[in-house]
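Novice: File follows, query-v5.cif with mmCIF, C-alpha atoms and all ligand atoms; chains and numbers go by the auth columns:
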data_final
loop_
_atom_site.group_PDB
_atom_site.id
_atom_site.type_symbol
_atom_site.label_atom_id
_atom_site.label_comp_id
_atom_site.label_asym_id
_atom_site.label_seq_id
_atom_site.Cartn_x
_atom_site.Cartn_y
_atom_site.Cartn_z
_atom_site.B_iso_or_equiv
_atom_site.auth_seq_id
_atom_site.auth_asym_id
ATOM 1 C CA SER A 1 -4.385 64.429 -12.473 0.00 1 A
ATOM 2 C CA THR A 2 -0.921 65.815 -13.122 0.00 2 A
ATOM 3 C CA THR A 3 0.319 62.259 -13.716 0.00 3 A
ATOM 4 C CA ILE A 4 -1.610 59.648 -15.679 0.00 4 A
ATOM 5 C CA TYR A 5 -0.292 56.191 -16.568 0.00 5 A
ATOM 6 C CA PHE A 6 -1.891 54.123 -19.327 0.00 6 A
ATOM 7 C CA SER A 7 -1.312 50.505 -20.294 0.00 7 A
ATOM 8 C CA ARG A 8 -3.063 47.742 -22.161 0.00 8 A
ATOM 9 C CA HIS A 9 -3.720 44.569 -20.179 0.00 9 A
ATOM 10 C CA GLY A 10 -1.043 41.883 -20.367 0.00 10 A
ATOM 11 C CA GLN A 11 -1.153 39.565 -23.379 0.00 11 A
ATOM 12 C CA SER A 12 -4.394 37.546 -23.319 0.00 12 A
ATOM 13 C CA ILE A 13 -5.141 34.045 -24.589 0.00 13 A
ATOM 14 C CA TYR A 14 -7.145 35.693 -27.391 0.00 14 A
ATOM 15 C CA ASN A 15 -4.113 37.851 -28.320 0.00 15 A
ATOM 16 C CA THR A 16 -2.031 34.678 -28.777 0.00 16 A
ATOM 17 C CA LYS A 17 -4.705 33.314 -31.167 0.00 17 A
ATOM 18 C CA GLU A 18 -5.165 36.684 -32.922 0.00 18 A
ATOM 19 C CA LEU A 19 -8.850 36.710 -31.985 0.00 19 A
ATOM 20 C CA ILE A 20 -10.437 40.127 -31.427 0.00 20 A
ATOM 21 C CA GLY A 21 -12.690 41.139 -28.547 0.00 21 A
ATOM 22 C CA GLY A 22 -13.931 38.406 -26.220 0.00 22 A
ATOM 23 C CA ASP A 23 -13.231 38.138 -22.515 0.00 23 A
ATOM 24 C CA SER A 24 -10.262 35.809 -22.140 0.00 24 A
ATOM 25 C CA LEU A 25 -7.706 35.581 -19.353 0.00 25 A
ATOM 26 C CA LEU A 26 -3.981 36.410 -19.486 0.00 26 A
ATOM 27 C CA SER A 27 -1.371 34.165 -21.115 0.00 27 A
ATOM 28 C CA ALA A 28 1.832 33.266 -19.230 0.00 28 A
ATOM 29 C CA LYS A 29 3.577 36.199 -20.972 0.00 29 A
ATOM 30 C CA GLY A 30 0.730 38.504 -19.987 0.00 30 A
ATOM 31 C CA LYS A 31 1.083 37.504 -16.333 0.00 31 A
ATOM 32 C CA LYS A 32 4.825 38.219 -16.505 0.00 32 A
ATOM 33 C CA TYR A 33 4.065 41.720 -17.750 0.00 33 A
ATOM 34 C CA ALA A 34 1.594 42.258 -14.898 0.00 34 A
ATOM 35 C CA GLU A 35 4.375 41.268 -12.477 0.00 35 A
ATOM 36 C CA GLY A 36 6.689 43.673 -14.280 0.00 36 A
ATOM 37 C CA LEU A 37 4.160 46.455 -13.769 0.00 37 A
ATOM 38 C CA ARG A 38 3.970 45.708 -10.048 0.00 38 A
ATOM 39 C CA LYS A 39 7.772 45.885 -9.814 0.00 39 A
ATOM 40 C CA PHE A 40 7.820 49.152 -11.732 0.00 40 A
ATOM 41 C CA PHE A 41 5.535 50.842 -9.195 0.00 41 A
ATOM 42 C CA GLN A 42 7.046 49.152 -6.134 0.00 42 A
ATOM 43 C CA GLU A 43 10.664 49.829 -7.056 0.00 43 A
ATOM 44 C CA SER A 44 10.160 53.412 -8.244 0.00 44 A
ATOM 45 C CA GLN A 45 11.679 56.290 -6.268 0.00 45 A
ATOM 46 C CA GLU A 46 8.255 57.922 -6.289 0.00 46 A
ATOM 47 C CA LYS A 47 5.576 56.994 -3.752 0.00 47 A
ATOM 48 C CA PHE A 48 2.344 55.620 -5.162 0.00 48 A
ATOM 49 C CA ASP A 49 0.252 55.348 -1.976 0.00 49 A
ATOM 50 C CA ASP A 50 -2.458 57.541 -3.483 0.00 50 A
ATOM 51 C CA LEU A 51 -2.390 56.052 -7.001 0.00 51 A
ATOM 52 C CA GLN A 52 -5.991 55.558 -8.213 0.00 52 A
ATOM 53 C CA LYS A 53 -6.297 52.468 -10.370 0.00 53 A
ATOM 54 C CA TYR A 54 -8.920 51.967 -13.109 0.00 54 A
ATOM 55 C CA CYS A 55 -9.698 48.920 -15.245 0.00 55 A
ATOM 56 C CA SER A 56 -12.458 47.849 -17.625 0.00 56 A
ATOM 57 C CA THR A 57 -15.204 45.289 -16.977 0.00 57 A
ATOM 58 C CA LEU A 58 -13.163 42.705 -18.914 0.00 58 A
ATOM 59 C CA LYS A 59 -11.240 39.938 -17.173 0.00 59 A
ATOM 60 C CA ARG A 60 -7.913 40.673 -18.857 0.00 60 A
ATOM 61 C CA THR A 61 -7.665 44.191 -17.384 0.00 61 A
ATOM 62 C CA GLN A 62 -8.936 43.102 -13.963 0.00 62 A
ATOM 63 C CA GLN A 63 -6.457 40.232 -13.868 0.00 63 A
ATOM 64 C CA THR A 64 -3.604 42.581 -14.851 0.00 64 A
ATOM 65 C CA ILE A 65 -4.467 45.151 -12.196 0.00 65 A
ATOM 66 C CA GLY A 66 -4.956 42.334 -9.659 0.00 66 A
ATOM 67 C CA TYR A 67 -1.161 41.997 -9.619 0.00 67 A
ATOM 68 C CA LEU A 68 -0.977 45.554 -8.272 0.00 68 A
ATOM 69 C CA SER A 69 -3.050 44.958 -5.135 0.00 69 A
ATOM 70 C CA GLU A 70 -0.205 46.231 -2.922 0.00 70 A
ATOM 71 C CA VAL A 71 0.252 49.361 -5.019 0.00 71 A
ATOM 72 C CA GLY A 72 -1.903 52.478 -4.760 0.00 72 A
ATOM 73 C CA ALA A 73 -5.093 53.492 -3.011 0.00 73 A
ATOM 74 C CA GLY A 74 -7.061 50.288 -2.444 0.00 74 A
ATOM 75 C CA GLU A 75 -9.282 48.480 -4.916 0.00 75 A
ATOM 76 C CA PRO A 76 -9.281 49.365 -8.611 0.00 76 A
ATOM 77 C CA ILE A 77 -12.367 51.096 -9.970 0.00 77 A
ATOM 78 C CA ILE A 78 -14.083 49.128 -12.744 0.00 78 A
ATOM 79 C CA ARG A 79 -15.369 51.378 -15.541 0.00 79 A
ATOM 80 C CA PRO A 80 -17.377 50.116 -18.549 0.00 80 A
ATOM 81 C CA GLU A 81 -16.397 53.273 -20.480 0.00 81 A
ATOM 82 C CA ILE A 82 -12.889 51.847 -20.898 0.00 82 A
ATOM 83 C CA ASP A 83 -14.005 48.478 -22.311 0.00 83 A
ATOM 84 C CA GLU A 84 -12.529 47.550 -25.698 0.00 84 A
ATOM 85 C CA ILE A 85 -14.288 48.585 -28.928 0.00 85 A
ATOM 86 C CA ASN A 86 -17.386 46.442 -29.399 0.00 86 A
ATOM 87 C CA ALA A 87 -16.781 44.440 -32.581 0.00 87 A
ATOM 88 C CA GLY A 88 -20.433 43.323 -32.739 0.00 88 A
ATOM 89 C CA ILE A 89 -20.985 40.400 -35.112 0.00 89 A
ATOM 90 C CA CYS A 90 -17.193 40.106 -35.623 0.00 90 A
ATOM 91 C CA ASP A 91 -16.368 39.588 -31.941 0.00 91 A
ATOM 92 C CA SER A 92 -14.136 36.559 -31.195 0.00 92 A
ATOM 93 C CA MET A 93 -12.941 36.165 -34.805 0.00 93 A
ATOM 94 C CA THR A 94 -9.528 36.659 -36.440 0.00 94 A
ATOM 95 C CA TYR A 95 -9.197 39.327 -39.152 0.00 95 A
ATOM 96 C CA GLU A 96 -8.834 36.482 -41.716 0.00 96 A
ATOM 97 C CA GLN A 97 -12.087 34.902 -40.528 0.00 97 A
ATOM 98 C CA ILE A 98 -13.835 38.278 -40.798 0.00 98 A
ATOM 99 C CA GLU A 99 -12.520 38.761 -44.337 0.00 99 A
ATOM 100 C CA GLU A 100 -13.791 35.313 -45.276 0.00 100 A
ATOM 101 C CA LYS A 101 -17.194 35.436 -43.571 0.00 101 A
ATOM 102 C CA PHE A 102 -18.003 39.159 -43.984 0.00 102 A
ATOM 103 C CA PRO A 103 -15.923 40.345 -46.990 0.00 103 A
ATOM 104 C CA GLU A 104 -18.021 43.501 -47.468 0.00 104 A
ATOM 105 C CA GLU A 105 -17.629 44.507 -43.832 0.00 105 A
ATOM 106 C CA PHE A 106 -13.893 43.844 -43.999 0.00 106 A
ATOM 107 C CA LYS A 107 -13.565 46.109 -47.046 0.00 107 A
ATOM 108 C CA LEU A 108 -15.685 48.873 -45.530 0.00 108 A
ATOM 109 C CA ARG A 109 -13.579 48.931 -42.375 0.00 109 A
ATOM 110 C CA LYS A 110 -10.339 48.998 -44.351 0.00 110 A
ATOM 111 C CA LYS A 111 -11.645 51.916 -46.409 0.00 111 A
ATOM 112 C CA ASP A 112 -12.750 54.062 -43.456 0.00 112 A
ATOM 113 C CA LYS A 113 -11.569 52.558 -40.191 0.00 113 A
ATOM 114 C CA LEU A 114 -12.383 55.726 -38.228 0.00 114 A
ATOM 115 C CA ASN A 115 -16.079 55.922 -39.116 0.00 115 A
ATOM 116 C CA TYR A 116 -16.763 52.219 -39.752 0.00 116 A
ATOM 117 C CA ARG A 117 -19.206 50.833 -37.209 0.00 117 A
ATOM 118 C CA TYR A 118 -19.258 47.050 -36.706 0.00 118 A
ATOM 119 C CA PRO A 119 -22.833 45.746 -37.155 0.00 119 A
ATOM 120 C CA GLU A 120 -24.268 45.556 -33.620 0.00 120 A
ATOM 121 C CA GLY A 121 -21.044 47.176 -32.412 0.00 121 A
ATOM 122 C CA GLU A 122 -19.078 50.436 -32.385 0.00 122 A
ATOM 123 C CA SER A 123 -16.850 52.706 -34.481 0.00 123 A
ATOM 124 C CA TYR A 124 -13.797 54.693 -33.371 0.00 124 A
ATOM 125 C CA ILE A 125 -16.008 57.788 -33.438 0.00 125 A
ATOM 126 C CA ASP A 126 -18.440 56.051 -31.042 0.00 126 A
ATOM 127 C CA LEU A 127 -15.514 55.053 -28.850 0.00 127 A
ATOM 128 C CA LYS A 128 -14.089 58.574 -28.764 0.00 128 A
ATOM 129 C CA ALA A 129 -17.451 59.883 -27.509 0.00 129 A
ATOM 130 C CA ARG A 130 -17.751 57.060 -24.951 0.00 130 A
ATOM 131 C CA LEU A 131 -14.298 57.831 -23.521 0.00 131 A
ATOM 132 C CA LYS A 132 -14.360 61.633 -23.434 0.00 132 A
ATOM 133 C CA PRO A 133 -16.129 62.148 -20.067 0.00 133 A
ATOM 134 C CA PHE A 134 -13.905 59.529 -18.391 0.00 134 A
ATOM 135 C CA LEU A 135 -10.729 61.144 -19.749 0.00 135 A
ATOM 136 C CA GLU A 136 -11.858 64.598 -18.621 0.00 136 A
ATOM 137 C CA GLU A 137 -12.646 63.155 -15.203 0.00 137 A
ATOM 138 C CA ILE A 138 -9.201 61.622 -14.678 0.00 138 A
ATOM 139 C CA GLU A 139 -7.525 64.816 -15.895 0.00 139 A
ATOM 140 C CA GLU A 140 -9.289 66.593 -13.008 0.00 140 A
ATOM 141 C CA SER A 141 -8.327 63.944 -10.438 0.00 141 A
ATOM 142 C CA GLN A 142 -6.313 65.132 -7.420 0.00 142 A
ATOM 143 C CA THR A 143 -4.222 61.935 -7.291 0.00 143 A
ATOM 144 C CA PRO A 144 -2.032 60.113 -9.817 0.00 144 A
ATOM 145 C CA VAL A 145 -3.980 57.693 -11.980 0.00 145 A
ATOM 146 C CA LEU A 146 -3.269 54.332 -13.628 0.00 146 A
ATOM 147 C CA VAL A 147 -5.608 53.139 -16.381 0.00 147 A
ATOM 148 C CA ILE A 148 -5.444 49.529 -17.594 0.00 148 A
ATOM 149 C CA SER A 149 -7.475 49.336 -20.777 0.00 149 A
ATOM 150 C CA HIS A 150 -7.322 48.144 -24.379 0.00 150 A
ATOM 151 C CA GLN A 151 -5.784 48.876 -27.778 0.00 151 A
ATOM 152 C CA ALA A 152 -8.613 50.854 -29.421 0.00 152 A
ATOM 153 C CA THR A 153 -9.625 52.725 -26.252 0.00 153 A
ATOM 154 C CA LEU A 154 -6.034 53.768 -25.571 0.00 154 A
ATOM 155 C CA ARG A 155 -5.732 55.064 -29.136 0.00 155 A
ATOM 156 C CA CYS A 156 -8.601 57.424 -28.266 0.00 156 A
ATOM 157 C CA ALA A 157 -6.957 58.287 -24.941 0.00 157 A
ATOM 158 C CA TYR A 158 -3.615 59.204 -26.587 0.00 158 A
ATOM 159 C CA ASP A 159 -5.417 61.341 -29.128 0.00 159 A
ATOM 160 C CA HIS A 160 -7.155 63.133 -26.239 0.00 160 A
ATOM 161 C CA MET A 161 -3.893 63.690 -24.343 0.00 161 A
ATOM 162 C CA LYS A 162 -1.789 64.681 -27.358 0.00 162 A
ATOM 163 C CA GLY A 163 -4.325 66.455 -29.578 0.00 163 A
ATOM 164 C CA LEU A 164 -3.604 64.415 -32.694 0.00 164 A
ATOM 165 C CA LYS A 165 -5.583 64.423 -35.936 0.00 165 A
ATOM 166 C CA THR A 166 -8.836 62.474 -35.571 0.00 166 A
ATOM 167 C CA GLU A 167 -8.101 60.545 -38.810 0.00 167 A
ATOM 168 C CA GLU A 168 -4.923 59.166 -37.208 0.00 168 A
ATOM 169 C CA ILE A 169 -6.670 57.601 -34.196 0.00 169 A
ATOM 170 C CA PRO A 170 -7.251 54.065 -35.579 0.00 170 A
ATOM 171 C CA TYR A 171 -3.568 53.764 -36.548 0.00 171 A
ATOM 172 C CA ILE A 172 -1.832 55.029 -33.386 0.00 172 A
ATOM 173 C CA GLN A 173 0.718 52.466 -32.195 0.00 173 A
ATOM 174 C CA VAL A 174 -0.357 50.992 -28.855 0.00 174 A
ATOM 175 C CA PRO A 175 1.747 47.858 -28.422 0.00 175 A
ATOM 176 C CA LEU A 176 1.183 45.330 -25.667 0.00 176 A
ATOM 177 C CA HIS A 177 3.520 45.424 -22.663 0.00 177 A
ATOM 178 C CA SER A 178 4.307 49.142 -22.663 0.00 178 A
ATOM 179 C CA LEU A 179 3.395 51.675 -20.022 0.00 179 A
ATOM 180 C CA VAL A 180 2.881 55.296 -21.035 0.00 180 A
ATOM 181 C CA LYS A 181 3.160 58.137 -18.528 0.00 181 A
ATOM 182 C CA PHE A 182 1.702 61.605 -19.147 0.00 182 A
ATOM 183 C CA GLU A 183 2.881 64.385 -16.808 0.00 183 A
ATOM 184 C CA ARG A 184 1.228 67.770 -17.007 0.00 184 A
ATOM 185 C CA SER A 185 3.386 70.869 -17.216 0.00 185 A
ATOM 186 C CA ILE A 186 2.702 74.451 -18.265 0.00 186 A
ATOM 187 C CA PHE A 187 3.619 73.384 -21.809 0.00 187 A
ATOM 188 C CA GLY A 188 1.102 70.517 -21.926 0.00 188 A
ATOM 189 C CA TYR A 189 1.697 66.842 -21.261 0.00 189 A
ATOM 190 C CA ARG A 190 5.139 65.270 -21.285 0.00 190 A
ATOM 191 C CA GLU A 191 5.061 61.665 -22.449 0.00 191 A
ATOM 192 C CA THR A 192 7.391 58.881 -21.284 0.00 192 A
ATOM 193 C CA ILE A 193 7.155 55.324 -22.618 0.00 193 A
ATOM 194 C CA TYR A 194 8.404 52.282 -20.679 0.00 194 A
ATOM 195 C CA LYS A 195 8.667 49.118 -22.794 0.00 195 A
ATOM 196 C CA TYR A 196 8.834 45.614 -21.358 0.00 196 A
ATOM 197 C CA ASP A 197 9.612 43.039 -24.031 0.00 197 A
HETATM 198 O O1 LIG B . -6.682 42.492 -31.078 0.00 201 B
HETATM 199 C C1 LIG B . -6.773 43.140 -29.861 0.00 201 B
HETATM 200 C C2 LIG B . -7.828 44.215 -29.906 0.00 201 B
HETATM 201 O O2 LIG B . -7.838 44.878 -28.669 0.00 201 B
HETATM 202 C C3 LIG B . -9.243 43.707 -30.245 0.00 201 B
HETATM 203 O O3 LIG B . -9.977 43.259 -29.120 0.00 201 B
HETATM 204 C C4 LIG B . -9.855 44.908 -30.902 0.00 201 B
HETATM 205 O O4 LIG B . -10.984 44.610 -31.683 0.00 201 B
HETATM 206 C C5 LIG B . -8.693 45.414 -31.710 0.00 201 B
HETATM 207 O O5 LIG B . -7.539 45.174 -30.941 0.00 201 B
HETATM 208 C C6 LIG B . -8.775 46.899 -32.046 0.00 201 B
HETATM 209 O O6 LIG B . -7.789 47.228 -33.000 0.00 201 B
HETATM 210 P P1 LIG B . -8.183 47.522 -34.522 0.00 201 B
HETATM 211 O O7 LIG B . -9.148 48.683 -34.435 0.00 201 B
HETATM 212 O O8 LIG B . -6.885 47.871 -35.157 0.00 201 B
HETATM 213 O O9 LIG B . -8.852 46.307 -35.097 0.00 201 B
#
What would you get if you wrote out this structure as structure tokens?
Specialist:
Amino acid sequence: STTIYFSRHGQSIYNTKELIGGDSLLSAKGKKYAEGLRKFFQESQEKFDDLQKYCSTLKRTQQTIGYLSEVGAGEPIIRPEIDEINAGICDSMTYEQIEEKFPEEFKLRKKDKLNYRYPEGESYIDLKARLKPFLEEIEESQTPVLVISHQATLRCAYDHMKGLKTEEIPYIQVPLHSLVKFERSIFGYRETIYKYD
């Protein structure tokens, strides 16, 4: 598409407890952000009747996009390719708990976050490969696109859109409650960031 919007889901219950992964619902703050997103699209000068919405299989993205039922072209499309990085045996833990229970794993990830693969889970390199066909697909879309996804997946998406250095991917800033718009021009993509809180 010539216009692609990306956002993380609104703050989840797990985010408030600093737990990674899981499949929790939105916090009160997260719901407020989802309402903010709806207002953004409804109050914009642009028309979004043909906006194609995508979310992951996880509740926090579906709940966020649920607030946008009156915006865009019907039901969101649920895509497993945009699920958060699979943290395997470390899923549903805090980073402190991981360091305590799996100190070797914690060290290995710190040393090489890009290539480190969680046992029974994924690495950023795995994630980049998982996302590539989806990102190419939405770039070809005839309509504007909104993707509600997750921190690690959006790092890979921004790298794809901006052509950054692969080593930088795991450290790209993708804060909660910000919407990023990419508009294609003859010079490449123009990026605009809208921050909420
Ligand atoms: O903490 C939120 C979260 O989306 C986790 O679910 C995920 O494991 C993590 O961020 C990815 O970020 P990092 O690769 O920096 O641990």
Novice: Once you count all atoms listed in the file, which residues end up no further than 6 Å from (-1.2, 68.6, -17.9) in the file's frame, shown as a PyMOL selection string?
Specialist: chain A and resi 2+183-185+188-189
Novice: Could I get the residues of range 59-95 of chain A with an atom no further than 12 Å from an atom of range 150-153 of chain A, each paired with its nearest atom pair and that distance in Å to one decimal, using only C-alpha atoms, sorted by chain and residue number, as JSON lines?
Specialist:
{"residue": "A:Lys59", "atom": "CA", "partner": "A:His150", "partner_atom": "CA", "distance": 11.6}
{"residue": "A:Arg60", "atom": "CA", "partner": "A:His150", "partner_atom": "CA", "distance": 9.3}
{"residue": "A:Thr61", "atom": "CA", "partner": "A:His150", "partner_atom": "CA", "distance": 8.0}
{"residue": "A:Gln62", "atom": "CA", "partner": "A:His150", "partner_atom": "CA", "distance": 11.7}
{"residue": "A:Thr64", "atom": "CA", "partner": "A:His150", "partner_atom": "CA", "distance": 11.6}
{"residue": "A:Pro80", "atom": "CA", "partner": "A:Thr153", "partner_atom": "CA", "distance": 11.2}
{"residue": "A:Glu81", "atom": "CA", "partner": "A:Thr153", "partner_atom": "CA", "distance": 8.9}
{"residue": "A:Ile82", "atom": "CA", "partner": "A:Thr153", "partner_atom": "CA", "distance": 6.3}
{"residue": "A:Asp83", "atom": "CA", "partner": "A:His150", "partner_atom": "CA", "distance": 7.0}
{"residue": "A:Glu84", "atom": "CA", "partner": "A:His150", "partner_atom": "CA", "distance": 5.4}
{"residue": "A:Ile85", "atom": "CA", "partner": "A:Ala152", "partner_atom": "CA", "distance": 6.1}
{"residue": "A:Asn86", "atom": "CA", "partner": "A:Ala152", "partner_atom": "CA", "distance": 9.8}
{"residue": "A:Ala87", "atom": "CA", "partner": "A:Ala152", "partner_atom": "CA", "distance": 10.9}
Novice: Find the residues of chain A that sit at most 9 Å from ligand LIG 201 (chain B); for each, write down the nearest two atoms and how far apart they are in Å, to one decimal. Count all atoms listed in the file. Sort by chain, then by number going up, and give it as a Markdown table.
Specialist:
| residue | atom | partner | partner_atom | distance |
| --- | --- | --- | --- | --- |
| A:Arg8 | CA | B:LIG201 | O2 | 8.6 |
| A:Ser12 | CA | B:LIG201 | C1 | 8.9 |
| A:Tyr14 | CA | B:LIG201 | O1 | 7.7 |
| A:Asn15 | CA | B:LIG201 | O1 | 6.0 |
| A:Glu18 | CA | B:LIG201 | O1 | 6.3 |
| A:Leu19 | CA | B:LIG201 | O1 | 6.2 |
| A:Ile20 | CA | B:LIG201 | O3 | 3.9 |
| A:Gly21 | CA | B:LIG201 | O3 | 3.5 |
| A:Gly22 | CA | B:LIG201 | O3 | 6.9 |
| A:Asp23 | CA | B:LIG201 | O3 | 9.0 |
| A:Glu84 | CA | B:LIG201 | O3 | 6.1 |
| A:Ile85 | CA | B:LIG201 | O4 | 5.9 |
| A:Asn86 | CA | B:LIG201 | O4 | 7.0 |
| A:Ala87 | CA | B:LIG201 | O4 | 5.9 |
| A:Cys90 | CA | B:LIG201 | O4 | 8.6 |
| A:Asp91 | CA | B:LIG201 | O4 | 7.4 |
| A:Ser92 | CA | B:LIG201 | O3 | 8.2 |
| A:Thr94 | CA | B:LIG201 | O1 | 8.4 |
| A:Tyr95 | CA | B:LIG201 | O9 | 8.1 |
| A:Lys113 | CA | B:LIG201 | O7 | 7.3 |
| A:Leu114 | CA | B:LIG201 | O7 | 8.6 |
| A:Ser123 | CA | B:LIG201 | O7 | 8.7 |
| A:Tyr124 | CA | B:LIG201 | O7 | 7.7 |
| A:His150 | CA | B:LIG201 | O2 | 5.4 |
| A:Gln151 | CA | B:LIG201 | O2 | 4.6 |
| A:Ala152 | CA | B:LIG201 | C6 | 4.7 |
| A:Thr153 | CA | B:LIG201 | C6 | 8.3 |
| A:Arg155 | CA | B:LIG201 | O7 | 9.0 |
| A:Pro170 | CA | B:LIG201 | O7 | 5.8 |
| A:Tyr171 | CA | B:LIG201 | O8 | 6.9 |
| A:Ile172 | CA | B:LIG201 | O8 | 8.9 |
Novice: One decimal, in Å: what's the spacing between CA of Tyr67 in chain A and CA of Val147 in chain A?
Specialist: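 Separation between CA of Tyr67 in chain A and CA of Val147 in chain A: 13.8 Å.
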Novice: I'd like to see the residues matched by the PyMOL selection byres (((chain A and resi 112) around 12) and not hetatm) on this file, and ideally I'd get them as an MDAnalysis selection string.
Specialist: chainID A and resid 105:111 113:118 123:125 167:171
Novice: Under the PyMOL selection byres (((chain A and resi 28-44) around 6) and not hetatm), which residues of this model are included? Write them out as a tab-separated table (two decimals) with C-alpha atoms, in the coordinates of the input.
Specialist:
chain	number	residue	atom	x	y	z
A	10	GLY	CA	-1.04	41.88	-20.37
A	11	GLN	CA	-1.15	39.56	-23.38
A	26	LEU	CA	-3.98	36.41	-19.49
A	27	SER	CA	-1.37	34.16	-21.12
A	45	GLN	CA	11.68	56.29	-6.27
A	46	GLU	CA	8.26	57.92	-6.29
A	64	THR	CA	-3.60	42.58	-14.85
A	67	TYR	CA	-1.16	42.00	-9.62
A	68	LEU	CA	-0.98	45.55	-8.27
Novice: Any chance you could resolve the PyMOL selection byres (((chain A and resi 135-137) around 10) and not hetatm) against this file and give the residues as a list in words?
Specialist: Ser1, Glu81, Ile82, Lys128, Arg130, Leu131, Lys132, Pro133, Phe134, Ile138, Glu139, Glu140, Ser141, Cys156, Ala157, His160 and Met161 of chain A
Novice: Measuring atom to atom with only C-alpha atoms, identify which of A:Glu99, A:Ser7, A:Ile148, A:Glu120 is nearest to Pro76 in chain A.
Specialist: A:Ile148
Novice: Rounded to one decimal, what separation in Å do you get between CA of Glu100 in chain A and CA of Gly88 in chain A?
Specialist: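 Computing the Euclidean distance for CA of Glu100 in chain A and CA of Gly88 in chain A yields 16.3 Å.
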Novice: Between A:Ser69, A:Gly121, A:Asp126, A:Val180, single out the one closest to Ile193 in chain A, counting all atoms listed in the file.
Specialist: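 Smallest distance to Ile193 in chain A is found for A:Val180.
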